[in-house]
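Peer 1: Sending over data-v6.cif (mmCIF, C-alpha atoms).
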```
data_work
#
loop_
_atom_site.label_atom_id
_atom_site.label_comp_id
_atom_site.auth_asym_id
_atom_site.auth_seq_id
_atom_site.Cartn_x
_atom_site.Cartn_y
_atom_site.Cartn_z
CA MET A 1 -21.23 -16.25 -14.61
CA SER A 2 -22.41 -15.69 -11.07
CA ALA A 3 -19.93 -17.67 -8.94
CA CYS A 4 -18.37 -15.52 -6.20
CA LEU A 5 -15.23 -15.81 -4.15
CA ASN A 6 -14.53 -13.93 -0.98
CA TRP A 7 -11.18 -12.71 0.26
CA GLU A 8 -10.88 -15.30 3.04
CA GLU A 9 -11.28 -18.11 0.50
CA ILE A 10 -8.51 -16.67 -1.64
CA ILE A 11 -6.17 -16.47 1.35
CA GLN A 12 -7.09 -20.01 2.41
CA ASP A 13 -6.45 -21.31 -1.12
CA THR A 14 -3.10 -19.54 -1.36
CA LEU A 15 -1.68 -20.60 1.98
CA PRO A 16 -1.20 -24.32 1.02
CA GLU A 17 0.84 -23.26 -2.03
CA ILE A 18 3.19 -21.33 0.24
CA ARG A 19 3.46 -24.22 2.71
CA GLU A 20 4.19 -26.56 -0.19
CA LEU A 21 7.24 -24.44 -0.92
CA GLY A 22 8.56 -25.27 2.54
CA ARG A 23 7.60 -28.91 2.27
CA VAL A 24 9.40 -29.42 -1.05
CA GLY A 25 12.39 -27.46 0.23
CA ASP A 26 12.65 -29.76 3.24
CA ALA A 27 12.15 -32.93 1.21
CA TYR A 28 15.70 -32.88 -0.21
CA PRO A 29 18.91 -33.06 1.80
CA SER A 30 20.55 -30.35 -0.35
CA SER A 31 20.09 -28.45 -3.59
CA ASP A 32 22.80 -30.67 -5.20
CA HIS A 33 20.57 -33.68 -4.80
CA PRO A 34 19.22 -34.86 -8.20
CA GLY A 35 15.96 -33.08 -9.01
CA ALA A 36 16.08 -30.85 -5.93
CA CYS A 37 16.73 -27.53 -7.60
CA GLU A 38 14.22 -28.23 -10.40
CA ALA A 39 11.49 -29.16 -7.91
CA PHE A 40 12.21 -26.24 -5.65
CA THR A 41 12.47 -23.76 -8.53
CA ARG A 42 9.03 -24.88 -9.68
CA ARG A 43 7.62 -24.18 -6.19
CA VAL A 44 9.37 -20.81 -6.12
CA GLN A 45 7.71 -19.91 -9.42
CA ILE A 46 4.29 -21.03 -8.17
CA ALA A 47 4.70 -19.12 -4.91
CA GLU A 48 5.69 -15.99 -6.84
CA SER A 49 2.73 -16.23 -9.20
CA VAL A 50 0.15 -16.84 -6.43
CA LEU A 51 1.52 -13.93 -4.39
CA ILE A 52 1.61 -11.50 -7.30
CA HIS A 53 -1.87 -12.52 -8.36
CA GLY A 54 -3.05 -12.47 -4.75
CA TYR A 55 -1.78 -8.93 -4.35
CA GLY A 56 -3.65 -7.83 -7.48
CA LEU A 57 -6.84 -9.41 -6.16
CA ALA A 58 -6.32 -7.72 -2.79
CA ALA A 59 -6.11 -4.37 -4.60
CA LYS A 60 -9.36 -5.11 -6.44
CA PHE A 61 -11.13 -6.20 -3.25
CA ALA A 62 -9.83 -3.16 -1.35
CA ARG A 63 -11.06 -0.82 -4.08
CA ARG A 64 -14.54 -2.31 -4.08
CA THR A 65 -15.16 -2.52 -0.36
CA GLY A 66 -16.81 0.42 1.32
CA SER A 67 -15.39 -0.08 4.80
CA LEU A 68 -11.96 0.96 5.96
CA SER A 69 -11.85 -1.85 8.51
CA GLU A 70 -12.38 -4.34 5.67
CA VAL A 71 -9.67 -2.63 3.63
CA ALA A 72 -7.34 -2.97 6.62
CA ALA A 73 -8.28 -6.65 7.02
CA ILE A 74 -7.56 -7.33 3.34
CA TRP A 75 -4.08 -5.77 3.49
CA ARG A 76 -3.35 -7.39 6.86
CA GLY A 77 -4.21 -10.80 5.37
CA MET A 78 -2.03 -10.18 2.33
CA SER A 79 0.81 -8.93 4.50
CA GLU A 80 0.61 -12.05 6.67
CA LEU A 81 0.71 -14.21 3.55
CA CYS A 82 3.87 -12.40 2.43
CA GLY A 83 5.27 -12.82 5.95
CA GLU A 84 4.58 -16.55 5.84
CA THR A 85 6.39 -16.79 2.50
CA LEU A 86 9.34 -14.78 3.77
CA GLY A 87 9.60 -17.14 6.74
CA GLU A 88 9.84 -20.18 4.46
CA LEU A 89 12.29 -18.44 2.13
CA ALA A 90 14.49 -17.16 4.94
CA ARG A 91 14.76 -20.71 6.20
CA LEU A 92 15.58 -22.15 2.75
CA ARG A 93 17.48 -19.48 0.87
CA ASP A 94 20.89 -20.69 2.05
CA LYS A 95 20.01 -24.26 1.21
CA TYR A 96 18.78 -23.29 -2.30
CA PRO A 97 20.87 -20.25 -3.25
CA TYR A 98 20.59 -20.81 -7.02
CA CYS A 99 16.93 -21.71 -7.48
CA GLY A 100 15.44 -18.23 -7.66
CA THR A 101 15.15 -18.11 -3.87
CA PRO A 102 17.02 -14.85 -3.10
CA GLU A 103 15.23 -13.09 -5.98
CA LEU A 104 11.84 -14.21 -4.71
CA TYR A 105 12.78 -13.18 -1.17
CA ASP A 106 13.55 -9.64 -2.39
CA ARG A 107 10.35 -9.49 -4.43
CA VAL A 108 8.15 -10.71 -1.58
CA LEU A 109 9.78 -8.22 0.76
CA ASP A 110 8.76 -5.43 -1.63
CA TYR A 111 5.22 -6.77 -1.77
CA LYS A 112 5.01 -7.06 2.00
CA LEU A 113 6.13 -3.46 2.38
CA ALA A 114 3.49 -2.41 -0.17
CA CYS A 115 0.81 -4.29 1.82
CA ASP A 116 1.96 -2.80 5.13
CA LYS A 117 1.92 0.68 3.67
CA ARG A 118 -1.68 0.23 2.54
CA LEU A 119 -2.67 -1.35 5.84
CA ASN A 120 -1.18 1.58 7.77
CA ALA A 121 -2.84 4.06 5.42
CA ALA A 122 -6.25 2.44 6.04
CA LEU A 123 -5.71 2.54 9.82
CA GLU A 124 -4.56 6.16 9.62
CA GLU A 125 -7.56 7.06 7.49
CA GLN A 126 -9.86 5.51 10.10
CA GLU A 127 -8.32 7.82 12.69
CA CYS A 128 -8.59 10.83 10.36
CA LEU A 129 -12.32 10.22 9.96
CA LYS A 130 -12.71 10.92 13.69
CA GLN A 131 -11.34 14.45 13.14
CA PRO A 132 -13.44 17.17 11.54
CA ILE A 133 -12.15 18.36 8.15
CA PRO A 134 -10.56 21.82 8.54
CA GLU A 135 -13.05 24.44 7.37
CA GLY A 136 -12.13 26.12 4.12
CA LEU A 137 -9.67 23.46 2.98
CA PHE A 138 -11.94 21.67 0.51
CA PRO A 139 -14.93 22.91 -1.49
CA PRO A 140 -18.32 21.92 -0.06
CA MET A 141 -19.01 18.25 -0.82
CA ASN A 142 -22.38 17.55 -2.40
CA MET B 143 -4.78 34.66 -5.47
CA PRO B 144 -6.15 31.33 -4.31
CA GLU B 145 -9.44 32.85 -3.19
CA ALA B 146 -10.18 34.27 -6.63
CA ALA B 147 -9.23 31.07 -8.44
CA ASP B 148 -11.17 28.82 -6.13
CA PRO B 149 -13.95 30.30 -4.08
CA GLY B 150 -15.01 26.83 -2.89
CA GLY B 151 -11.93 25.98 -0.85
CA LEU B 152 -8.15 26.11 -0.78
CA VAL B 153 -8.06 22.89 -2.79
CA SER B 154 -10.49 22.93 -5.71
CA ALA B 155 -12.76 20.14 -6.87
CA ASP B 156 -10.68 19.74 -10.04
CA GLU B 157 -7.49 19.41 -8.00
CA LEU B 158 -9.14 16.84 -5.74
CA LYS B 159 -10.22 14.91 -8.82
CA GLU B 160 -6.69 15.02 -10.20
CA LEU B 161 -5.28 13.77 -6.86
CA ALA B 162 -7.91 11.04 -6.65
CA GLY B 163 -6.89 9.86 -10.13
CA TRP B 164 -3.22 9.54 -9.16
CA PHE B 165 -4.15 7.92 -5.84
CA ASP B 166 -6.36 5.36 -7.54
CA GLU B 167 -3.59 4.49 -9.98
CA PHE B 168 -1.01 3.61 -7.34
CA GLU B 169 -3.05 2.56 -4.31
CA PHE B 170 -5.07 -0.04 -6.21
CA ALA B 171 -2.46 -0.99 -8.81
CA PHE B 172 -2.39 -4.69 -9.66
CA ASP B 173 1.42 -4.49 -9.47
CA PRO B 174 2.65 -2.01 -6.82
CA LEU B 175 6.20 -2.27 -8.17
CA SER B 176 5.29 -1.27 -11.74
CA VAL B 177 6.76 1.92 -13.18
CA ARG B 178 3.25 3.23 -13.81
CA ALA B 179 2.19 2.80 -10.16
CA ARG B 180 5.39 4.33 -8.84
CA GLU B 181 5.12 7.26 -11.24
CA ALA B 182 1.53 7.88 -10.16
CA GLU B 183 2.59 7.84 -6.51
CA ALA B 184 5.44 10.28 -7.18
CA LYS B 185 3.07 12.62 -9.07
CA PHE B 186 0.51 12.41 -6.26
CA ASN B 187 3.11 13.22 -3.60
CA ASP B 188 4.59 16.08 -5.65
CA ARG B 189 1.17 17.60 -6.28
CA VAL B 190 0.19 17.39 -2.59
CA GLN B 191 3.46 19.06 -1.63
CA GLU B 192 2.99 21.71 -4.32
CA LEU B 193 -0.55 22.51 -3.18
CA PHE B 194 0.58 22.67 0.42
CA ASN B 195 3.48 25.00 -0.43
CA MET B 196 1.31 27.25 -2.61
CA ARG B 197 -1.89 27.48 -0.61
CA ILE B 198 -1.43 26.44 2.98
CA CYS B 199 2.17 26.86 4.09
CA PRO B 200 2.57 30.56 3.21
CA ARG B 201 -0.55 31.74 5.03
CA PRO B 202 -1.48 29.57 8.01
CA SER B 203 -4.20 32.02 8.94
CA PRO B 204 -6.92 30.83 11.31
CA SER B 205 -9.37 33.06 9.42
CA ARG B 206 -8.80 31.00 6.23
CA ILE B 207 -8.60 27.50 7.68
CA GLY B 208 -10.20 26.66 10.97
CA PHE B 209 -9.07 23.62 12.90
CA PRO B 210 -11.80 23.14 15.48
CA GLY B 211 -10.39 22.99 18.95
CA LEU B 212 -7.09 24.51 17.87
CA SER B 213 -6.37 28.18 18.37
CA TRP B 214 -3.33 30.06 17.18
CA PRO B 215 -1.27 31.73 19.90
CA SER B 216 -1.06 35.51 19.84
CA SER B 217 2.37 36.97 19.14
CA SER B 218 2.77 37.91 22.81
CA ALA B 219 2.17 34.28 23.80
CA VAL B 220 5.04 32.99 21.68
CA PRO B 221 7.96 32.25 23.99
CA THR B 222 11.19 34.04 23.21
CA ILE B 223 14.70 32.86 23.94
CA PRO B 224 16.48 35.27 26.24
CA ALA B 225 19.69 36.73 24.83
#
```
Written as structure tokens, that's how I'd like the structure from this file.

Peer 2:
Amino acid sequence: MSACLNWEEIIQDTLPEIRELGRVGDAYPSSDHPGACEAFTRRVQIAESVLIHGYGLAAKFARRTGSLSEVAAIWRGMSELCGETLGELARLRDKYPYCGTPELYDRVLDYKLACDKRLNAALEEQECLKQPIPEGLFPPMN
Amino acid sequence: MPEAADPGGLVSADELKELAGWFDEFEFAFDPLSVRAREAEAKFNDRVQELFNMRICPRPSPSRIGFPGLSWPSSSAVPTIPA
């Protein structure tokens, strides 16, 4: 199988799933409305699965790329995706308090922090590359 | 003595390999919240701290490690607080 996906495509394919969460959340007047919690819970589950899977793919992409600026771009994109999700959830968690919303909010917050940590590490590493390695710290690299 | 154990550098190639293994396990984990990833990160951090405490912190000698552009002040240049 030779079909390839790039990181931008994955982000672009994930974003509508996150926006759908907001759209479904807004479609009902309250979570007591018939079918509201079921529909919203389903979107919460989908959002969680695409984010968790998206994070795993980001890790794979980051490991395979040879450029720190690309690594930073991957984690920045993933962090923004988490931020977008947090925005929707923050808006809707009081409206849907029993549909898995607070739990997903906590989980996405953890994932966003993990992305930001990796983004900052990549940026820091870029800066470190500008400094010479202290002599005598590491064995000679072949 | 670190020099005898590792003539190539303060941190040996085997230690770098060990650190790289831990780093790989948490930095590129599919699930960053998994116990395995968090354990790997804790082991990495502990090992870095241990190596620093053993090899670098006790003897910050400019003759052993040279930071280009950075020179250590002589003892007379260290400011003292008047009594």

Peer 1: May I ask for the distance between CA of Gly136 (chain A) and CA of Val190 (chain B), given in Å to one decimal place?

Peer 2: 16.5 Å

Peer 1: Identify the residues within 8 Å of coordinate (10.2, -21.3, -5.2) (same frame as the file), considering only C-alpha atoms, and give the answer as JSON, numbers by chain.

Peer 2: {"A": [21, 40, 41, 42, 43, 44, 45, 46, 47, 48, 99, 100, 101, 104]}

Peer 1: Let me make sure I understand: among A:Glu88, A:Asp110, A:Glu125, A:Glu17, which one has the smallest atom-to-atom distance to chain B if we use only C-alpha atoms?

Peer 2: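 The closest residue to chain B is A:Asp110.
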
Peer 1: Would you write out, as a list in words, every residue that the PyMOL selection byres ((chain B and resi 178-188) around 9) captures in this file?

Peer 2: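 Output from the PyMOL selection byres ((chain B and resi 178-188) around 9), applied to this file: Glu160, Leu161, Ala162, Gly163, Trp164, Phe165, Asp166, Glu167, Phe168, Glu169, Phe170, Ala171, Phe172, Asp173, Pro174, Leu175, Ser176, Val177, Arg189, Val190, Gln191, Glu192 and Leu193 of chain B.
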
Peer 1: Report as a list of chain:residue names all protein, DNA and RNA residues lying within 10 Å of Leu68 (chain A), evaluated on all atoms listed in the file, omitting residues in the same chain fewer than 5 positions from it.

Peer 2: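 Once the nearby chain positions are removed, what remains is A:Ala62, A:Ala73, A:Ile74, A:Leu119, A:Ala121, A:Ala122, A:Leu123, A:Glu124, A:Glu125, A:Gln126.
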
Peer 1: Do me a favour and pick out the residues of chain A within 8 Å of chain B, using only C-alpha atoms, as an MDAnalysis selection string.

Peer 2: chainID A and resid 52:53 55:57 59:60 62:63 110:111 114 118 132:140

Peer 1: With the file shown as input, list the residues that the PyMOL selection byres ((chain A and resi 2-6) around 12) selects, as a ChimeraX atom specification.

Peer 2: /A:1,7-13,57-58,60-62,65,70,74

Peer 1: Determine the nearest neighbour of Gly25 (chain A) from the options A:Arg76, A:Ala90, A:Ser67, A:Asp116, counting all atoms listed in the file.

Peer 2: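 Ranking A:Arg76, A:Ala90, A:Ser67, A:Asp116 by distance to Gly25 (chain A), first place goes to A:Ala90.
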
Peer 1: For the provided coordinates, the residues matched by the PyMOL selection byres ((chain A and resi 81) around 10) should be stated as a list of chain:residue names.

Peer 2: A:Ile11, A:Gln12, A:Thr14, A:Leu15, A:Ile18, A:Leu51, A:Gly54, A:Tyr55, A:Trp75, A:Arg76, A:Gly77, A:Met78, A:Ser79, A:Glu80, A:Cys82, A:Gly83, A:Glu84, A:Thr85, A:Leu86, A:Gly87, A:Val108, A:Lys112
